[in-house]
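Trainee: Structure file work-v8.cif (mmCIF, C-alpha atoms and all ligand atoms) right here:
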```cif
data_my_file
loop_
_atom_site.group_PDB
_atom_site.id
_atom_site.type_symbol
_atom_site.label_atom_id
_atom_site.label_comp_id
_atom_site.auth_asym_id
_atom_site.auth_seq_id
_atom_site.Cartn_x
_atom_site.Cartn_y
_atom_site.Cartn_z
ATOM 1 C CA MET A 1 159.540 147.685 5.004
ATOM 2 C CA LEU A 2 160.160 150.698 7.306
ATOM 3 C CA ASN A 3 156.509 150.546 8.393
ATOM 4 C CA ASP A 4 157.184 147.182 10.019
ATOM 5 C CA ILE A 5 159.692 148.660 12.477
ATOM 6 C CA GLN A 6 158.438 149.511 15.952
ATOM 7 C CA GLU A 7 161.614 151.145 17.254
ATOM 8 C CA VAL A 8 165.164 151.835 16.081
ATOM 9 C CA LEU A 9 167.613 150.691 18.785
ATOM 10 C CA TYR A 10 170.876 151.868 17.167
ATOM 11 C CA ASP A 11 171.105 153.889 13.984
ATOM 12 C CA ALA A 12 173.667 153.540 11.183
ATOM 13 C CA GLU A 13 175.972 156.160 12.673
ATOM 14 C CA GLN A 14 176.041 154.568 16.117
ATOM 15 C CA ILE A 15 176.733 151.163 14.592
ATOM 16 C CA GLN A 16 179.521 152.549 12.427
ATOM 17 C CA ALA A 17 181.229 154.154 15.418
ATOM 18 C CA LYS A 18 181.038 150.914 17.389
ATOM 19 C CA VAL A 19 182.325 148.801 14.489
ATOM 20 C CA ARG A 20 185.262 151.169 14.046
ATOM 21 C CA GLU A 21 186.125 150.914 17.747
ATOM 22 C CA MET A 22 185.930 147.095 17.612
ATOM 23 C CA GLY A 23 188.080 146.983 14.462
ATOM 24 C CA GLU A 24 190.761 149.130 16.066
ATOM 25 C CA LYS A 25 190.828 146.978 19.188
ATOM 26 C CA LEU A 26 190.965 143.762 17.156
ATOM 27 C CA SER A 27 193.805 145.150 15.028
ATOM 28 C CA GLN A 28 195.854 145.709 18.163
ATOM 29 C CA ASP A 29 195.016 142.361 19.705
ATOM 30 C CA PHE A 30 195.645 140.345 16.518
ATOM 31 C CA GLU A 31 198.748 142.190 15.347
ATOM 32 C CA GLY A 32 201.267 139.725 13.902
ATOM 33 C CA ARG A 33 198.869 136.747 14.185
ATOM 34 C CA ASP A 34 197.412 136.657 10.643
ATOM 35 C CA PRO A 35 193.939 135.661 11.898
ATOM 36 C CA LEU A 36 191.407 133.614 9.964
ATOM 37 C CA VAL A 37 188.249 135.696 10.253
ATOM 38 C CA ILE A 38 185.149 133.543 9.923
ATOM 39 C CA CYS A 39 181.843 135.120 8.956
ATOM 40 C CA ILE A 40 178.816 133.190 10.132
ATOM 41 C CA LEU A 41 176.352 133.414 7.253
ATOM 42 C CA LYS A 42 174.098 135.012 6.545
ATOM 43 C CA GLY A 43 173.490 137.405 9.412
ATOM 44 C CA ALA A 44 177.092 138.470 9.963
ATOM 45 C CA ILE A 45 177.916 139.532 6.393
ATOM 46 C CA ILE A 46 177.296 143.232 6.870
ATOM 47 C CA PHE A 47 179.088 143.390 10.221
ATOM 48 C CA MET A 48 181.991 141.353 8.864
ATOM 49 C CA SER A 49 182.486 143.483 5.758
ATOM 50 C CA ASP A 50 182.348 146.710 7.745
ATOM 51 C CA LEU A 51 184.558 145.292 10.511
ATOM 52 C CA ILE A 52 187.426 144.067 8.323
ATOM 53 C CA LYS A 53 187.602 147.479 6.617
ATOM 54 C CA GLU A 54 188.420 148.879 10.056
ATOM 55 C CA MET A 55 191.137 146.288 10.617
ATOM 56 C CA THR A 56 194.592 147.424 9.604
ATOM 57 C CA ILE A 57 196.445 144.083 9.819
ATOM 58 C CA PRO A 58 196.872 141.157 7.405
ATOM 59 C CA LEU A 59 194.032 138.655 7.754
ATOM 60 C CA GLU A 60 192.215 135.974 5.798
ATOM 61 C CA ILE A 61 188.451 135.575 5.552
ATOM 62 C CA ASP A 62 186.236 132.542 5.172
ATOM 63 C CA PHE A 63 182.564 131.732 5.565
ATOM 64 C CA MET A 64 180.489 129.203 7.404
ATOM 65 C CA ALA A 65 176.745 128.708 7.404
ATOM 66 C CA VAL A 66 174.891 126.978 10.191
ATOM 67 C CA SER A 67 171.205 126.509 10.752
ATOM 68 C CA SER A 68 169.474 126.982 14.057
ATOM 69 C CA TYR A 69 166.407 129.102 13.486
ATOM 70 C CA GLY A 70 164.616 128.380 10.218
ATOM 71 C CA GLN A 71 161.697 130.723 9.690
ATOM 72 C CA SER A 72 160.873 131.020 13.370
ATOM 73 C CA THR A 73 161.983 133.597 15.938
ATOM 74 C CA LYS A 74 163.015 130.954 18.504
ATOM 75 C CA SER A 75 166.038 128.640 18.425
ATOM 76 C CA SER A 76 165.272 125.007 17.712
ATOM 77 C CA GLY A 77 168.381 123.996 19.654
ATOM 78 C CA VAL A 78 169.517 122.039 16.632
ATOM 79 C CA VAL A 79 172.717 123.252 14.968
ATOM 80 C CA LYS A 80 173.726 121.960 11.569
ATOM 81 C CA ILE A 81 176.633 122.968 9.313
ATOM 82 C CA ILE A 82 175.109 123.994 5.983
ATOM 83 C CA LYS A 83 178.325 125.340 4.466
ATOM 84 C CA ASP A 84 181.737 124.514 5.852
ATOM 85 C CA LEU A 85 185.007 126.462 5.621
ATOM 86 C CA ASP A 86 187.159 126.315 2.501
ATOM 87 C CA VAL A 87 190.444 126.465 4.412
ATOM 88 C CA SER A 88 191.891 124.546 7.338
ATOM 89 C CA VAL A 89 191.888 126.131 10.787
ATOM 90 C CA GLU A 90 194.759 123.976 12.008
ATOM 91 C CA GLY A 91 197.288 126.087 13.889
ATOM 92 C CA ARG A 92 195.374 129.284 13.094
ATOM 93 C CA ASP A 93 194.182 132.076 15.327
ATOM 94 C CA VAL A 94 190.485 132.039 14.479
ATOM 95 C CA LEU A 95 188.184 135.024 14.909
ATOM 96 C CA ILE A 96 184.498 134.125 14.674
ATOM 97 C CA VAL A 97 182.361 137.070 13.597
ATOM 98 C CA GLU A 98 178.727 136.751 14.658
ATOM 99 C CA ASP A 99 175.757 139.059 14.272
ATOM 100 C CA ILE A 100 173.995 138.204 17.516
ATOM 101 C CA ILE A 101 174.267 135.797 20.420
ATOM 102 C CA ASP A 102 170.946 134.671 21.787
ATOM 103 C CA SER A 103 170.717 131.259 23.483
ATOM 104 C CA GLY A 104 174.421 130.773 22.730
ATOM 105 C CA LEU A 105 173.797 127.312 21.279
ATOM 106 C CA THR A 106 175.061 128.112 17.783
ATOM 107 C CA LEU A 107 178.285 129.591 19.028
ATOM 108 C CA SER A 108 179.111 127.014 21.673
ATOM 109 C CA TYR A 109 178.715 124.343 19.017
ATOM 110 C CA LEU A 110 180.934 126.230 16.565
ATOM 111 C CA ILE A 111 183.659 126.938 19.106
ATOM 112 C CA ASP A 112 183.715 123.248 19.930
ATOM 113 C CA VAL A 113 183.995 122.252 16.252
ATOM 114 C CA LEU A 114 186.813 124.725 15.565
ATOM 115 C CA GLU A 115 188.746 123.712 18.674
ATOM 116 C CA ARG A 116 188.488 120.037 17.779
ATOM 117 C CA ARG A 117 190.000 120.891 14.396
ATOM 118 C CA ASN A 118 193.154 122.003 16.215
ATOM 119 C CA SER A 119 192.928 125.721 15.760
ATOM 120 C CA LYS A 120 195.507 127.620 17.797
ATOM 121 C CA SER A 121 192.909 129.871 19.396
ATOM 122 C CA VAL A 122 189.220 130.706 18.967
ATOM 123 C CA THR A 123 188.000 134.239 19.657
ATOM 124 C CA VAL A 124 184.455 135.516 19.269
ATOM 125 C CA ALA A 125 183.378 139.001 18.179
ATOM 126 C CA THR A 126 179.651 139.673 18.104
ATOM 127 C CA LEU A 127 177.990 142.952 17.290
ATOM 128 C CA PHE A 128 174.878 142.246 19.330
ATOM 129 C CA ASP A 129 174.208 140.246 22.458
ATOM 130 C CA LYS A 130 170.956 139.227 24.149
ATOM 131 C CA PRO A 131 172.313 137.837 27.444
ATOM 132 C CA ALA A 132 168.833 137.451 28.949
ATOM 133 C CA ARG A 133 168.154 134.470 26.714
ATOM 134 C CA ARG A 134 171.338 132.479 27.271
ATOM 135 C CA THR A 135 170.875 128.740 27.869
ATOM 136 C CA VAL A 136 174.601 127.862 27.819
ATOM 137 C CA ASP A 137 177.438 129.495 29.719
ATOM 138 C CA LEU A 138 179.074 131.589 27.026
ATOM 139 C CA GLU A 139 180.376 135.113 26.649
ATOM 140 C CA ALA A 140 181.871 136.728 23.553
ATOM 141 C CA ASP A 141 185.383 138.158 23.791
ATOM 142 C CA TYR A 142 184.235 141.310 21.981
ATOM 143 C CA THR A 143 180.648 142.576 22.125
ATOM 144 C CA GLY A 144 179.275 145.662 20.388
ATOM 145 C CA PHE A 145 175.847 146.284 21.909
ATOM 146 C CA THR A 146 173.841 144.504 24.562
ATOM 147 C CA LEU A 147 170.188 144.292 23.568
ATOM 148 C CA PRO A 148 166.941 143.723 25.449
ATOM 149 C CA ASP A 149 165.067 140.468 24.969
ATOM 150 C CA GLU A 150 163.266 141.464 21.789
ATOM 151 C CA PHE A 151 163.399 140.149 18.264
ATOM 152 C CA VAL A 152 165.487 142.538 16.205
ATOM 153 C CA VAL A 153 166.129 142.981 12.491
ATOM 154 C CA GLY A 154 168.428 144.985 10.254
ATOM 155 C CA TYR A 155 172.175 145.312 9.679
ATOM 156 C CA GLY A 156 172.269 141.699 8.489
ATOM 157 C CA LEU A 157 169.605 140.302 10.792
ATOM 158 C CA ASP A 158 166.453 138.958 9.240
ATOM 159 C CA PHE A 159 162.943 137.865 9.840
ATOM 160 C CA ALA A 160 162.022 135.194 7.266
ATOM 161 C CA GLU A 161 165.020 136.382 5.179
ATOM 162 C CA ARG A 162 163.777 139.968 4.929
ATOM 163 C CA TYR A 163 165.020 143.239 6.506
ATOM 164 C CA ARG A 164 168.746 142.314 6.358
ATOM 165 C CA ASN A 165 169.411 145.417 4.244
ATOM 166 C CA LEU A 166 168.180 147.933 6.814
ATOM 167 C CA PRO A 167 171.206 150.073 7.810
ATOM 168 C CA PHE A 168 170.085 150.209 11.471
ATOM 169 C CA ILE A 169 169.030 147.665 14.088
ATOM 170 C CA GLY A 170 165.420 147.810 15.140
ATOM 171 C CA VAL A 171 162.586 145.969 16.802
ATOM 172 C CA LEU A 172 160.008 144.445 14.535
ATOM 173 C CA LYS A 173 156.350 145.121 15.266
ATOM 174 C CA PRO A 174 154.907 141.960 16.870
ATOM 175 C CA GLU A 175 152.039 141.891 14.375
ATOM 176 C CA VAL A 176 154.579 141.260 11.615
ATOM 177 C CA TYR A 177 155.749 137.914 12.999
ATOM 178 C CA GLU A 178 152.509 136.967 14.693
ATOM 179 C CA LYS A 179 150.769 136.977 11.306
HETATM 180 P P1 LIG A 201 171.629 131.255 19.351
HETATM 181 O O1 LIG A 201 170.307 131.109 20.064
HETATM 182 O O2 LIG A 201 172.153 129.924 18.901
HETATM 183 O O3 LIG A 201 171.229 132.055 18.060
HETATM 184 O O4 LIG A 201 172.605 132.065 20.157
HETATM 185 C C1 LIG A 201 172.103 132.733 17.301
HETATM 186 C C2 LIG A 201 171.499 132.975 15.944
HETATM 187 O O5 LIG A 201 170.108 133.225 16.056
HETATM 188 C C3 LIG A 201 169.685 134.250 15.232
HETATM 189 N N1 LIG A 201 169.003 135.270 16.056
HETATM 190 C C4 LIG A 201 168.339 136.316 15.612
HETATM 191 N N2 LIG A 201 168.120 136.733 14.354
HETATM 192 N N3 LIG A 201 166.923 138.594 15.187
HETATM 193 C C5 LIG A 201 167.397 137.864 14.151
HETATM 194 O O6 LIG A 201 167.204 138.249 13.024
HETATM 195 C C6 LIG A 201 167.097 138.247 16.479
HETATM 196 O O7 LIG A 201 166.639 138.944 17.394
HETATM 197 C C7 LIG A 201 167.850 137.039 16.692
HETATM 198 N N4 LIG A 201 168.241 136.400 17.811
HETATM 199 C C8 LIG A 201 168.950 135.329 17.385
HETATM 200 C C9 LIG A 201 170.923 134.768 14.562
HETATM 201 O O8 LIG A 201 170.956 134.295 13.249
HETATM 202 C C10 LIG A 201 172.088 134.198 15.326
HETATM 203 O O9 LIG A 201 173.174 133.845 14.504
HETATM 204 MG MG MG A 202 168.144 134.343 10.913
#
```
How does this structure look as structure tokens?

Mentor:
Amino acid sequence: MLNDIQEVLYDAEQIQAKVREMGEKLSQDFEGRDPLVICILKGAIIFMSDLIKEMTIPLEIDFMAVSSYGQSTKSSGVVKIIKDLDVSVEGRDVLIVEDIIDSGLTLSYLIDVLERRNSKSVTVATLFDKPARRTVDLEADYTGFTLPDEFVVGYGLDFAERYRNLPFIGVLKPEVYEK
């Protein structure tokens, strides 16, 4: 598995420091608001579980799964809800936790859905951002690291459902996905 990595962009320690900083900021900004923190499956699970441990305020968590990529490394542009929330967002301050924003299609669709369900507010926290590939006008409210336009894996991010368990974020060797 480690042999497939071309370059480590941020190691476990750097990610941990960033997640702590984001958690502290979010705790201040969401104080007294009892946010509903929504993890976008599957990529955001590791970020979400680390992030909420750094948050020192009452909050509720829920999960949503959407499809946009399949087994490929490029967005199909088609977003579909595979698993919906268990709880209502009506009147809630919603915090969407994403692993990475690429084209922005997934997130702009989700924000729209959650706003139409009469949430009180929708805020986005993403650990990684690839602004070079944006096709819709969208910026996260909280961003951990800005990445170059390369396909990355680790810390929740996959290629063909593998590599999510790597504790760092790295670039996959092209020969791995060009096979
Ligand atoms: P969009 O294009 O809708 O895509 O912003 C967001 C989703 O695409 C996945 N994604 C990646 N997954 N390495 C991955 O493992 C990447 O470099 C990458 N870029 C985008 C991711 O699931 C995200 O939720
Ligand atoms: Mg994926």

Trainee: If the PyMOL selection byres (((chain A and resi 119-126) around 6) and not hetatm) were run on this exact file, what residues would it hold? Put them as a list in words.

Mentor: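 Answer for the PyMOL selection byres (((chain A and resi 119-126) around 6) and not hetatm): Val89, Glu90, Gly91, Arg92, Asp93, Val94, Leu95, Ile96, Val97, Glu98, Asp99, Ile100, Glu115, Arg117, Asn118, Leu127, Phe128, Ala140, Asp141, Tyr142 and Thr143 of chain A.
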
Trainee: Write out as a PDB file with C-alpha atoms, keeping the file's coordinate frame the residues lying within 12 Å of A:Val176, counting only C-alpha atoms and excluding same-chain residues fewer than 4 positions away.

Mentor:
```pdb
ATOM      1  CA  MET A   1     159.540 147.685   5.004  1.00  0.00           C
ATOM      2  CA  LEU A   2     160.160 150.698   7.306  1.00  0.00           C
ATOM      3  CA  ASN A   3     156.509 150.546   8.393  1.00  0.00           C
ATOM      4  CA  ASP A   4     157.184 147.182  10.019  1.00  0.00           C
ATOM      5  CA  ILE A   5     159.692 148.660  12.477  1.00  0.00           C
ATOM      6  CA  GLN A   6     158.438 149.511  15.952  1.00  0.00           C
ATOM      7  CA  THR A  73     161.983 133.597  15.938  1.00  0.00           C
ATOM      8  CA  PHE A 151     163.399 140.149  18.264  1.00  0.00           C
ATOM      9  CA  VAL A 152     165.487 142.538  16.205  1.00  0.00           C
ATOM     10  CA  VAL A 153     166.129 142.981  12.491  1.00  0.00           C
ATOM     11  CA  PHE A 159     162.943 137.865   9.840  1.00  0.00           C
ATOM     12  CA  ALA A 160     162.022 135.194   7.266  1.00  0.00           C
ATOM     13  CA  ARG A 162     163.777 139.968   4.929  1.00  0.00           C
ATOM     14  CA  TYR A 163     165.020 143.239   6.506  1.00  0.00           C
ATOM     15  CA  VAL A 171     162.586 145.969  16.802  1.00  0.00           C
ATOM     16  CA  LEU A 172     160.008 144.445  14.535  1.00  0.00           C
TER      17      LEU A 172
END
```

Trainee: Please find the residues contacting ligand LIG 201 (chain A) at a distance of at most 9 Å between atoms, with all atoms listed in the file counted, and report them as a PyMOL selection string.

Mentor: chain A and resi 40-44+66-69+73-79+98-109+128-130+133-136+147+149-154+156-164+171

Trainee: Take atom CA of A:Met55 and atom CA of A:Ser27 and report the distance between them in Å, one decimal.

Mentor: 5.3 Å

Trainee: Between atom CA of A:Gln14 and atom CA of A:Gln28, what is the distance in Å, rounded to a tenth?

Mentor: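 Answer for the atom CA of A:Gln14 to atom CA of A:Gln28 separation: 21.8 Å.
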
Trainee: With only C-alpha atoms as the atoms that count, which of A:Ile38, A:Glu178, A:Ile111, A:Leu59 lies nearest to A:Asp86?

Mentor: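 So, comparing all the options, the nearest one is A:Ile38.
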
Trainee: Using all atoms listed in the file, can you tell me which of A:Ala12, A:Leu36, A:Ile45, A:Ala132 comes closest to ligand MG 202 (chain A)?

Mentor: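 That would be A:Ile45, the residue with the smallest distance to ligand MG 202 (chain A).
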
Trainee: Please compute the atom CA of A:Tyr10-atom CA of A:Tyr155 distance, one decimal, in Å.

Mentor: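 Between atom CA of A:Tyr10 and atom CA of A:Tyr155 the gap is 10.0 Å.
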